[in-house]
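Structure data (compact mmCIF, C-alpha atoms) from target_5.txt:
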# COMPACT_ATOMS: atom_id res chain seq x y z
CA MET A 7 -8.65 -2.40 22.11
CA LEU A 8 -6.67 -5.60 21.68
CA ARG A 9 -4.44 -6.71 24.54
CA PRO A 10 -1.02 -5.04 24.13
CA SER A 11 2.07 -7.13 23.56
CA ASP A 12 4.47 -7.73 26.45
CA ASP A 13 7.29 -6.99 23.97
CA ALA A 14 6.80 -3.37 22.91
CA SER A 15 10.13 -3.04 21.05
CA PRO A 16 9.34 -2.39 17.38
CA GLY A 17 12.79 -3.61 16.40
CA ALA A 18 12.42 -7.12 17.81
CA ALA A 19 11.45 -10.15 15.75
CA ALA A 20 9.34 -11.21 18.70
CA THR A 21 7.17 -8.15 18.17
CA VAL A 22 6.24 -9.25 14.66
CA ARG A 23 5.41 -12.77 15.80
CA ASP A 24 3.35 -11.33 18.64
CA LEU A 25 1.44 -9.04 16.30
CA VAL A 26 0.65 -11.89 13.93
CA ALA A 27 -0.61 -14.01 16.82
CA THR A 28 -2.61 -11.14 18.32
CA TRP A 29 -4.21 -10.14 15.02
CA ARG A 30 -4.76 -13.63 13.63
CA HIS A 31 -8.53 -13.47 14.18
CA ALA A 32 -8.93 -9.67 14.26
CA ASP A 33 -10.75 -7.80 11.52
CA ALA A 34 -9.14 -4.97 9.59
CA PRO A 35 -10.67 -2.01 11.50
CA GLU A 36 -9.55 -3.55 14.79
CA ILE A 37 -6.01 -4.08 13.47
CA VAL A 38 -5.88 -0.48 12.24
CA ALA A 39 -6.99 0.93 15.58
CA ASP A 40 -4.57 -1.25 17.54
CA ALA A 41 -1.64 -0.47 15.22
CA LEU A 42 -2.23 3.28 15.48
CA HIS A 43 -2.32 2.94 19.27
CA ARG A 44 0.78 0.75 19.58
CA PHE A 45 2.92 2.83 17.23
CA ALA A 46 1.47 6.27 17.99
CA GLY A 47 3.68 8.95 16.48
CA ARG A 48 5.83 6.34 14.72
CA ILE A 49 3.49 5.00 12.04
CA ALA A 50 2.46 6.08 8.54
CA LEU A 51 0.04 4.77 5.95
CA VAL A 52 1.53 3.99 2.54
CA SER A 53 -1.01 4.55 -0.22
CA SER A 54 -0.96 4.54 -4.01
CA PHE A 55 -4.41 6.19 -4.05
CA GLY A 56 -5.32 3.38 -6.42
CA ALA A 57 -8.47 1.37 -7.01
CA ASP A 58 -8.92 0.10 -3.45
CA ALA A 59 -7.13 2.88 -1.55
CA ALA A 60 -10.26 4.46 -0.09
CA VAL A 61 -10.96 1.49 2.17
CA LEU A 62 -7.83 1.61 4.34
CA LEU A 63 -7.66 5.40 4.18
CA HIS A 64 -11.20 5.52 5.54
CA MET A 65 -10.41 3.10 8.38
CA VAL A 66 -7.37 5.16 9.39
CA ALA A 67 -9.21 8.48 9.13
CA ARG A 68 -11.93 7.25 11.48
CA VAL A 69 -9.29 6.65 14.17
CA ASP A 70 -6.87 9.51 13.49
CA PRO A 71 -7.13 11.66 10.34
CA ALA A 72 -3.78 13.26 11.21
CA THR A 73 -1.95 9.97 10.59
CA PRO A 74 0.80 10.62 8.01
CA VAL A 75 -0.07 9.23 4.57
CA ILE A 76 2.72 8.74 2.03
CA LEU A 77 2.08 8.79 -1.72
CA VAL A 78 4.96 8.44 -4.16
CA ASP A 79 4.23 10.56 -7.20
CA THR A 80 6.61 9.14 -9.79
CA ARG A 81 5.77 12.03 -12.10
CA ARG A 82 4.20 9.42 -14.37
CA LEU A 83 0.98 8.77 -12.46
CA PHE A 84 -2.39 9.03 -14.15
CA PRO A 85 -3.90 12.49 -13.69
CA GLU A 86 -7.00 10.65 -12.47
CA THR A 87 -4.96 9.27 -9.56
CA LEU A 88 -3.87 12.71 -8.41
CA ALA A 89 -7.44 13.99 -8.71
CA TYR A 90 -8.61 10.97 -6.71
CA ARG A 91 -6.07 11.79 -4.01
CA ASP A 92 -7.49 15.29 -3.74
CA ALA A 93 -11.06 13.96 -3.59
CA LEU A 94 -10.26 11.50 -0.80
CA VAL A 95 -8.31 14.07 1.19
CA ALA A 96 -11.36 16.34 1.13
CA ARG A 97 -13.86 13.53 1.78
CA LEU A 98 -11.96 11.93 4.69
CA GLY A 99 -10.39 15.02 6.23
CA LEU A 100 -6.88 13.63 5.90
CA ALA A 101 -4.57 16.18 7.50
CA ASP A 102 -1.06 14.94 6.68
CA VAL A 103 -0.80 13.54 3.15
CA ARG A 104 2.81 13.64 2.01
CA THR A 105 3.27 13.44 -1.75
CA VAL A 106 6.93 12.67 -2.42
CA ARG A 107 8.63 12.72 -5.81
CA PRO A 108 11.94 11.67 -7.34
CA ALA A 109 14.55 14.40 -7.62
CA ALA A 110 14.34 16.31 -10.89
CA ALA A 111 18.13 16.19 -11.26
CA ALA A 112 18.15 12.39 -10.96
CA LEU A 113 15.40 12.07 -13.56
CA ALA A 114 17.24 14.36 -15.94
CA ARG A 115 20.42 12.33 -15.55
CA LEU A 116 19.04 8.77 -15.53
CA ASP A 117 15.81 8.97 -17.52
CA PRO A 118 15.97 12.13 -19.65
CA HIS A 119 13.69 10.76 -22.38
CA GLU A 120 11.28 8.88 -20.08
CA ALA A 121 12.25 5.64 -21.80
CA LEU A 122 13.50 3.71 -18.76
CA ALA A 123 10.11 2.14 -17.98
CA GLY A 124 10.12 0.28 -21.29
CA GLN A 125 13.79 -0.67 -21.15
CA ASP A 126 14.34 -1.62 -17.52
CA PRO A 127 11.21 -1.32 -15.35
CA ASP A 128 13.06 -2.42 -12.22
CA ALA A 129 15.52 0.43 -12.62
CA CYS A 130 12.67 2.83 -13.35
CA CYS A 131 10.84 1.80 -10.16
CA GLY A 132 14.06 2.13 -8.21
CA LEU A 133 14.59 5.66 -9.49
CA ARG A 134 11.03 6.96 -9.42
CA LYS A 135 9.49 5.02 -6.51
CA VAL A 136 11.87 3.23 -4.19
CA SER A 137 14.44 5.99 -3.72
CA PRO A 138 12.01 8.77 -2.71
CA PHE A 139 9.93 6.27 -0.75
CA GLU A 140 12.82 5.11 1.42
CA THR A 141 13.66 8.70 2.28
CA ALA A 142 10.02 9.41 3.18
CA ILE A 143 9.59 6.38 5.48
CA ALA A 144 12.89 6.80 7.35
CA PRO A 145 11.32 8.52 10.41
CA PHE A 146 8.76 5.77 11.00
CA ALA A 147 8.91 2.42 12.81
CA ALA A 148 5.76 0.93 11.25
CA LEU A 149 3.90 1.24 7.96
CA LEU A 150 0.30 0.41 7.13
CA THR A 151 -0.29 -1.02 3.64
CA GLY A 152 -3.43 -1.97 1.73
CA ARG A 153 -2.08 -5.21 0.27
CA ARG A 154 -4.32 -8.29 0.13
CA ARG A 155 -3.60 -11.96 -0.51
CA ASP A 156 -6.12 -12.15 -3.34
CA GLN A 157 -4.39 -9.49 -5.45
CA ALA A 158 -1.66 -11.70 -6.92
CA VAL A 159 0.11 -15.03 -6.47
CA THR A 160 3.08 -13.15 -5.01
CA ARG A 161 0.86 -12.06 -2.10
CA ARG A 162 -0.83 -15.35 -1.24
CA ASP A 163 1.19 -15.80 1.96
CA LEU A 164 0.85 -12.21 3.13
CA ALA A 165 0.74 -11.96 6.93
CA PRO A 166 -0.97 -9.22 8.93
CA ALA A 167 2.48 -8.09 10.08
CA GLU A 168 5.99 -8.64 8.76
CA ARG A 169 9.49 -7.32 9.28
CA ASP A 170 11.00 -5.42 6.33
CA GLY A 171 14.39 -3.90 6.95
CA ALA A 172 14.05 -1.23 9.62
CA HIS A 173 10.26 -1.24 9.52
CA ILE A 174 7.30 -3.35 10.51
CA ARG A 175 4.80 -3.60 7.67
CA ILE A 176 1.21 -3.97 8.81
CA ASN A 177 -1.34 -5.35 6.34
CA PRO A 178 -4.82 -5.03 7.91
CA LEU A 179 -6.59 -6.08 4.69
CA ALA A 180 -4.42 -9.15 4.06
CA GLY A 181 -7.32 -11.58 4.43
CA TRP A 182 -9.93 -9.45 2.66
CA THR A 183 -11.21 -9.97 -0.88
CA ALA A 184 -11.87 -7.48 -3.64
CA GLU A 185 -15.61 -8.01 -3.11
CA ARG A 186 -15.39 -7.24 0.58
CA ALA A 187 -13.34 -4.10 -0.09
CA ALA A 188 -15.90 -2.95 -2.68
CA THR A 189 -18.72 -3.58 -0.21
CA TRP A 190 -16.96 -1.46 2.42
CA ARG A 191 -16.48 1.35 -0.09
CA ARG A 192 -20.14 1.30 -1.15
CA THR A 193 -21.46 0.97 2.41
CA HIS A 194 -19.55 4.05 3.51
CA GLY A 195 -20.22 6.07 0.38
CA LEU A 196 -16.57 6.36 -0.59
CA PRO A 197 -15.73 7.56 -4.09
CA GLU A 198 -14.34 5.11 -6.62
CA HIS A 199 -11.13 5.69 -8.55
CA PRO A 200 -12.34 6.89 -11.96
CA LEU A 201 -10.24 4.29 -13.81
CA ALA A 202 -11.42 1.28 -11.77
CA PRO A 203 -14.71 0.74 -13.65
CA GLN A 204 -12.80 1.00 -16.93
CA GLY A 205 -10.94 -2.27 -16.29
CA TYR A 206 -8.08 -1.07 -14.10
CA PRO A 207 -8.24 -2.93 -10.74
CA SER A 208 -4.56 -2.12 -10.06
CA ILE A 209 -3.31 1.32 -11.03
CA GLY A 210 0.27 2.48 -11.13
CA CYS A 211 2.20 4.58 -13.62
CA VAL A 212 0.78 5.30 -17.06
CA PRO A 213 3.37 3.38 -19.14
CA CYS A 214 3.24 0.28 -16.91
CA THR A 215 -0.52 -0.09 -16.35
CA SER A 216 -2.98 -1.75 -18.72
CA ARG A 217 -6.52 -3.06 -18.57
CA VAL A 218 -7.14 -6.47 -17.00
CA ALA A 219 -9.33 -9.22 -18.43
CA ASP A 220 -12.01 -10.90 -16.30
CA ASP A 221 -10.00 -14.13 -16.02
CA GLU A 222 -6.76 -12.44 -14.90
CA ASP A 223 -5.65 -11.55 -11.39
CA SER A 224 -6.00 -7.93 -10.43
CA ARG A 225 -2.31 -7.10 -10.94
CA ALA A 226 -1.94 -8.71 -14.37
CA GLY A 227 -2.07 -5.31 -15.99
CA ARG A 228 1.07 -4.08 -14.23
CA TRP A 229 4.33 -4.30 -16.21
CA ARG A 230 2.67 -6.46 -18.85
CA GLY A 231 5.23 -8.27 -20.96
CA PHE A 232 7.89 -8.23 -18.25
CA GLU A 233 8.70 -10.80 -15.55
CA LYS A 234 7.88 -8.25 -12.89
CA THR A 235 5.04 -8.29 -10.39
CA GLU A 236 6.00 -5.78 -7.68
CA CYS A 237 7.36 -2.24 -7.76
CA GLY A 238 9.86 -2.85 -4.97
CA LEU A 239 8.29 -0.78 -2.20
CA HIS A 240 7.40 -3.92 -0.23
CA GLY A 241 10.00 -6.37 -1.45
CA ARG A 242 12.57 -6.71 1.36
CA ARG A 243 10.81 -8.85 3.96
CA SER A 244 13.40 -10.42 6.24
CA ILE A 245 11.12 -12.36 8.57
CA ALA A 246 8.59 -14.79 7.16
CA VAL A 247 5.58 -15.50 9.35
CA THR A 248 2.99 -18.17 8.70
CA THR A 249 -0.59 -17.04 8.05
CA GLU A 250 -2.14 -20.41 8.86
CA SER A 251 -4.61 -20.63 11.73

The structure in this file should be written as structure tokens.
Amino acid sequence: MLRPSDDASPGAAATVRDLVATWRHADAPEIVADALHRFAGRIALVSSFGADAAVLLHMVARVDPATPVILVDTRRLFPETLAYRDALVARLGLADVRTVRPAAAALARLDPHEALAGQDPDACCGLRKVSPFETAIAPFAALLTGRRRDQAVTRRDLAPAERDGAHIRINPLAGWTAERAATWRRTHGLPEHPLAPQGYPSIGCVPCTSRVADDEDSRAGRWRGFEKTECGLHGRRSIAVTTES
């Protein structure tokens, strides 16, 4: 166990700076274990059950399989993603997976013909992802995410911990690579998302996900044709922390 911070208040900026300093040279499994200990009862894992989801889910399940896991089902996910969720729940013994969805009444009012994704993807993400997500995370002080710096240029400065509104976002895999994540998955015999070997390294909703070429970054297939790189679930960081050694 890593040495606990002297500042245990999850609402303080000093806590984020302390976590970054403490975890600067820690590996992902150690960060996961320490985060679950520090924020016991106040932490959830946010997962898309996408191409690399099994890695962080496995690390969390080894420490505490009852850790809440939040998946936003936008009602436009690939059926393969929902089947993959079920497979990982069974394989890892996850005991508290919370699949949250946008309200049917809101969808009927704001996107009755399911055309919003092609017209205004930011509004679509706000309706189908961000709104139900913010309701789901309200009870928690800290959130674990599977984001990595190598996934896109928008994530190159990703720190192991950051302040985002009322929550601390913890990114144990920030310094990992796609190759290292794949090695972990193979070493531990974890199932692969069925779309990953078909050219989908980043998997979201059906209308906003396309195959990625070998020379593109892993998130190039998301919202192709739009100046959009993130869905908005992790876009409100209010404290920037350096990731340099």

Within 8 Å of segment 64-77 of chain A using all atoms listed in the file, minus same-chain residues under 4 positions, as an mmCIF file with C-alpha atoms, in the coordinates of the input:
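The new file part.cif reads:
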data_model
loop_
_atom_site.group_PDB
_atom_site.id
_atom_site.type_symbol
_atom_site.label_atom_id
_atom_site.label_comp_id
_atom_site.auth_asym_id
_atom_site.auth_seq_id
_atom_site.Cartn_x
_atom_site.Cartn_y
_atom_site.Cartn_z
ATOM 1 C CA PRO A 35 -10.670 -2.010 11.500
ATOM 2 C CA VAL A 38 -5.880 -0.480 12.240
ATOM 3 C CA ALA A 39 -6.990 0.930 15.580
ATOM 4 C CA LEU A 42 -2.230 3.280 15.480
ATOM 5 C CA ILE A 49 3.490 5.000 12.040
ATOM 6 C CA ALA A 50 2.460 6.080 8.540
ATOM 7 C CA LEU A 51 0.040 4.770 5.950
ATOM 8 C CA VAL A 52 1.530 3.990 2.540
ATOM 9 C CA SER A 53 -1.010 4.550 -0.220
ATOM 10 C CA SER A 54 -0.960 4.540 -4.010
ATOM 11 C CA PHE A 55 -4.410 6.190 -4.050
ATOM 12 C CA ALA A 60 -10.260 4.460 -0.090
ATOM 13 C CA LEU A 98 -11.960 11.930 4.690
ATOM 14 C CA GLY A 99 -10.390 15.020 6.230
ATOM 15 C CA LEU A 100 -6.880 13.630 5.900
ATOM 16 C CA ALA A 101 -4.570 16.180 7.500
ATOM 17 C CA ASP A 102 -1.060 14.940 6.680
ATOM 18 C CA VAL A 103 -0.800 13.540 3.150
ATOM 19 C CA ARG A 104 2.810 13.640 2.010
ATOM 20 C CA THR A 105 3.270 13.440 -1.750
ATOM 21 C CA VAL A 106 6.930 12.670 -2.420
ATOM 22 C CA ALA A 142 10.020 9.410 3.180
#

Using 4 Å of padding on each side, determine the axis-aligned box around all atoms of segment 213-227 of chain A present in the file and give its centre and edge lengths in Å to one decimal, as lines of an AutoDock Vina configuration file.
center_x = -4.3
center_y = -5.4
center_z = -14.8
size_x = 23.4
size_y = 25.5
size_z = 16.7

When you draw a straight line from atom CA of Arg230 of chain A to atom CA of Leu149 of chain A, how long is it in Å?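 A separation of 27.9 Å between them.
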
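Proximity ranking of A:Val78, A:Leu179, A:Asp223, A:Arg169 relative to Pro138 of chain A places A:Val78 first, based on all atoms listed in the file.
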
Name the closest residue to Asn177 of chain A among the candidates A:Cys131, A:Leu150, A:Leu196, A:Ala219; distances are taken between atoms, counting only C-alpha atoms.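 Counting only C-alpha atoms, the residue closest to Asn177 of chain A is A:Leu150.
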
If you measure from atom CA of Ala109 of chain A to atom CA of Ser137 of chain A, what distance in Å do you get, rounded to one decimal? 9.3 Å

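For the choices A:Ile176, A:Ala57, A:Ile143, A:Leu63, the atom-to-atom distance to Pro203 of chain A is smallest for A:Ala57 when using all atoms listed in the file.
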
List as a PyMOL selection string the residues having at least one atom at most 10 Å from position (5.0, 13.8, -11.2) as given in the file, counting all atoms listed in the file. chain A and resi 78-85+88+105-108+110+134+211

Smallest atom-to-atom distance to Asp58 of chain A: which of A:Asp117, A:Glu185, A:Glu233, A:Glu36, using all atoms listed in the file? A:Glu185

Slice of the block: segment 19-33 of chain A, all heavy atoms, as a PDB file, in the first residue's frame:
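Generated output (out03.pdb):
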ATOM      1  N   ALA A  19      -7.835  20.914  -3.589  1.00  0.00           N
ATOM      2  CA  ALA A  19      -6.892  20.861  -4.704  1.00  0.00           C
ATOM      3  C   ALA A  19      -5.595  20.192  -4.284  1.00  0.00           C
ATOM      4  O   ALA A  19      -4.942  19.514  -5.075  1.00  0.00           O
ATOM      5  CB  ALA A  19      -6.623  22.282  -5.204  1.00  0.00           C
ATOM      6  N   ALA A  20      -5.241  20.372  -2.999  1.00  0.00           N
ATOM      7  CA  ALA A  20      -4.012  19.763  -2.507  1.00  0.00           C
ATOM      8  C   ALA A  20      -4.066  18.253  -2.609  1.00  0.00           C
ATOM      9  O   ALA A  20      -3.036  17.601  -2.807  1.00  0.00           O
ATOM     10  CB  ALA A  20      -3.774  20.180  -1.056  1.00  0.00           C
ATOM     11  N   THR A  21      -5.252  17.677  -2.497  1.00  0.00           N
ATOM     12  CA  THR A  21      -5.377  16.226  -2.598  1.00  0.00           C
ATOM     13  C   THR A  21      -4.974  15.745  -3.979  1.00  0.00           C
ATOM     14  O   THR A  21      -4.280  14.742  -4.124  1.00  0.00           O
ATOM     15  CB  THR A  21      -6.828  15.797  -2.292  1.00  0.00           C
ATOM     16  OG1 THR A  21      -7.174  16.227  -0.979  1.00  0.00           O
ATOM     17  CG2 THR A  21      -6.968  14.291  -2.382  1.00  0.00           C
ATOM     18  N   VAL A  22      -5.408  16.450  -5.018  1.00  0.00           N
ATOM     19  CA  VAL A  22      -5.067  16.059  -6.382  1.00  0.00           C
ATOM     20  C   VAL A  22      -3.564  16.155  -6.595  1.00  0.00           C
ATOM     21  O   VAL A  22      -2.939  15.247  -7.146  1.00  0.00           O
ATOM     22  CB  VAL A  22      -5.819  16.941  -7.402  1.00  0.00           C
ATOM     23  CG1 VAL A  22      -5.397  16.598  -8.820  1.00  0.00           C
ATOM     24  CG2 VAL A  22      -7.323  16.769  -7.237  1.00  0.00           C
ATOM     25  N   ARG A  23      -2.967  17.244  -6.148  1.00  0.00           N
ATOM     26  CA  ARG A  23      -1.517  17.400  -6.312  1.00  0.00           C
ATOM     27  C   ARG A  23      -0.776  16.319  -5.544  1.00  0.00           C
ATOM     28  O   ARG A  23       0.237  15.789  -6.016  1.00  0.00           O
ATOM     29  CB  ARG A  23      -1.094  18.801  -5.846  1.00  0.00           C
ATOM     30  CG  ARG A  23      -1.537  19.902  -6.795  1.00  0.00           C
ATOM     31  CD  ARG A  23      -0.877  21.223  -6.440  1.00  0.00           C
ATOM     32  NE  ARG A  23      -1.412  21.768  -5.181  1.00  0.00           N
ATOM     33  CZ  ARG A  23      -2.428  22.606  -5.128  1.00  0.00           C
ATOM     34  NH1 ARG A  23      -3.050  22.981  -6.229  1.00  0.00           N
ATOM     35  NH2 ARG A  23      -2.838  23.082  -3.963  1.00  0.00           N
ATOM     36  N   ASP A  24      -1.285  15.969  -4.370  1.00  0.00           N
ATOM     37  CA  ASP A  24      -0.656  14.917  -3.579  1.00  0.00           C
ATOM     38  C   ASP A  24      -0.765  13.567  -4.278  1.00  0.00           C
ATOM     39  O   ASP A  24       0.193  12.788  -4.299  1.00  0.00           O
ATOM     40  CB  ASP A  24      -1.317  14.838  -2.205  1.00  0.00           C
ATOM     41  CG  ASP A  24      -0.756  13.699  -1.374  1.00  0.00           C
ATOM     42  OD1 ASP A  24       0.333  13.864  -0.811  1.00  0.00           O
ATOM     43  OD2 ASP A  24      -1.412  12.632  -1.308  1.00  0.00           O
ATOM     44  N   LEU A  25      -1.929  13.287  -4.849  1.00  0.00           N
ATOM     45  CA  LEU A  25      -2.106  12.017  -5.551  1.00  0.00           C
ATOM     46  C   LEU A  25      -1.177  11.913  -6.748  1.00  0.00           C
ATOM     47  O   LEU A  25      -0.567  10.865  -6.993  1.00  0.00           O
ATOM     48  CB  LEU A  25      -3.559  11.871  -6.002  1.00  0.00           C
ATOM     49  CG  LEU A  25      -4.603  11.686  -4.907  1.00  0.00           C
ATOM     50  CD1 LEU A  25      -6.001  11.670  -5.510  1.00  0.00           C
ATOM     51  CD2 LEU A  25      -4.346  10.417  -4.109  1.00  0.00           C
ATOM     52  N   VAL A  26      -1.061  12.988  -7.503  1.00  0.00           N
ATOM     53  CA  VAL A  26      -0.163  12.980  -8.662  1.00  0.00           C
ATOM     54  C   VAL A  26       1.274  12.721  -8.222  1.00  0.00           C
ATOM     55  O   VAL A  26       1.996  11.923  -8.821  1.00  0.00           O
ATOM     56  CB  VAL A  26      -0.260  14.314  -9.435  1.00  0.00           C
ATOM     57  CG1 VAL A  26       0.829  14.395 -10.501  1.00  0.00           C
ATOM     58  CG2 VAL A  26      -1.632  14.443 -10.080  1.00  0.00           C
ATOM     59  N   ALA A  27       1.692  13.387  -7.145  1.00  0.00           N
ATOM     60  CA  ALA A  27       3.052  13.187  -6.644  1.00  0.00           C
ATOM     61  C   ALA A  27       3.246  11.769  -6.125  1.00  0.00           C
ATOM     62  O   ALA A  27       4.279  11.129  -6.369  1.00  0.00           O
ATOM     63  CB  ALA A  27       3.357  14.207  -5.545  1.00  0.00           C
ATOM     64  N   THR A  28       2.260  11.249  -5.405  1.00  0.00           N
ATOM     65  CA  THR A  28       2.365   9.915  -4.824  1.00  0.00           C
ATOM     66  C   THR A  28       2.403   8.840  -5.895  1.00  0.00           C
ATOM     67  O   THR A  28       3.127   7.848  -5.782  1.00  0.00           O
ATOM     68  CB  THR A  28       1.185   9.659  -3.864  1.00  0.00           C
ATOM     69  OG1 THR A  28       1.208  10.641  -2.831  1.00  0.00           O
ATOM     70  CG2 THR A  28       1.276   8.282  -3.238  1.00  0.00           C
ATOM     71  N   TRP A  29       1.606   9.028  -6.946  1.00  0.00           N
ATOM     72  CA  TRP A  29       1.466   8.002  -7.981  1.00  0.00           C
ATOM     73  C   TRP A  29       2.387   8.195  -9.179  1.00  0.00           C
ATOM     74  O   TRP A  29       2.318   7.442 -10.145  1.00  0.00           O
ATOM     75  CB  TRP A  29       0.020   7.981  -8.469  1.00  0.00           C
ATOM     76  CG  TRP A  29      -0.966   7.519  -7.443  1.00  0.00           C
ATOM     77  CD1 TRP A  29      -0.714   6.770  -6.325  1.00  0.00           C
ATOM     78  CD2 TRP A  29      -2.383   7.787  -7.427  1.00  0.00           C
ATOM     79  NE1 TRP A  29      -1.873   6.540  -5.620  1.00  0.00           N
ATOM     80  CE2 TRP A  29      -2.911   7.146  -6.262  1.00  0.00           C
ATOM     81  CE3 TRP A  29      -3.244   8.480  -8.273  1.00  0.00           C
ATOM     82  CZ2 TRP A  29      -4.270   7.205  -5.948  1.00  0.00           C
ATOM     83  CZ3 TRP A  29      -4.597   8.537  -7.954  1.00  0.00           C
ATOM     84  CH2 TRP A  29      -5.105   7.904  -6.808  1.00  0.00           C
ATOM     85  N   ARG A  30       3.261   9.207  -9.104  1.00  0.00           N
ATOM     86  CA  ARG A  30       4.078   9.539 -10.276  1.00  0.00           C
ATOM     87  C   ARG A  30       4.848   8.335 -10.804  1.00  0.00           C
ATOM     88  O   ARG A  30       4.983   8.143 -12.011  1.00  0.00           O
ATOM     89  CB  ARG A  30       5.047  10.671  -9.929  1.00  0.00           C
ATOM     90  CG  ARG A  30       5.791  11.210 -11.152  1.00  0.00           C
ATOM     91  CD  ARG A  30       6.703  12.363 -10.767  1.00  0.00           C
ATOM     92  NE  ARG A  30       5.982  13.443 -10.116  1.00  0.00           N
ATOM     93  CZ  ARG A  30       5.266  14.364 -10.768  1.00  0.00           C
ATOM     94  NH1 ARG A  30       5.158  14.303 -12.075  1.00  0.00           N
ATOM     95  NH2 ARG A  30       4.653  15.316 -10.102  1.00  0.00           N
ATOM     96  N   HIS A  31       5.371   7.500  -9.910  1.00  0.00           N
ATOM     97  CA  HIS A  31       6.179   6.353 -10.336  1.00  0.00           C
ATOM     98  C   HIS A  31       5.493   5.024 -10.009  1.00  0.00           C
ATOM     99  O   HIS A  31       6.122   3.968 -10.058  1.00  0.00           O
ATOM    100  CB  HIS A  31       7.560   6.416  -9.680  1.00  0.00           C
ATOM    101  CG  HIS A  31       8.319   7.675 -10.012  1.00  0.00           C
ATOM    102  ND1 HIS A  31       8.723   7.989 -11.295  1.00  0.00           N
ATOM    103  CD2 HIS A  31       8.715   8.719  -9.220  1.00  0.00           C
ATOM    104  CE1 HIS A  31       9.349   9.158 -11.289  1.00  0.00           C
ATOM    105  NE2 HIS A  31       9.358   9.613 -10.042  1.00  0.00           N
ATOM    106  N   ALA A  32       4.202   5.079  -9.686  1.00  0.00           N
ATOM    107  CA  ALA A  32       3.463   3.854  -9.367  1.00  0.00           C
ATOM    108  C   ALA A  32       2.889   3.246 -10.637  1.00  0.00           C
ATOM    109  O   ALA A  32       2.538   3.950 -11.583  1.00  0.00           O
ATOM    110  CB  ALA A  32       2.343   4.156  -8.382  1.00  0.00           C
ATOM    111  N   ASP A  33       2.780   1.929 -10.663  1.00  0.00           N
ATOM    112  CA  ASP A  33       2.170   1.260 -11.804  1.00  0.00           C
ATOM    113  C   ASP A  33       0.661   1.184 -11.588  1.00  0.00           C
ATOM    114  O   ASP A  33       0.155   1.347 -10.480  1.00  0.00           O
ATOM    115  CB  ASP A  33       2.762  -0.135 -11.981  1.00  0.00           C
ATOM    116  CG  ASP A  33       2.515  -0.671 -13.386  1.00  0.00           C
ATOM    117  OD1 ASP A  33       2.018   0.100 -14.244  1.00  0.00           O
ATOM    118  OD2 ASP A  33       2.816  -1.855 -13.645  1.00  0.00           O
TER     119      ASP A  33
END
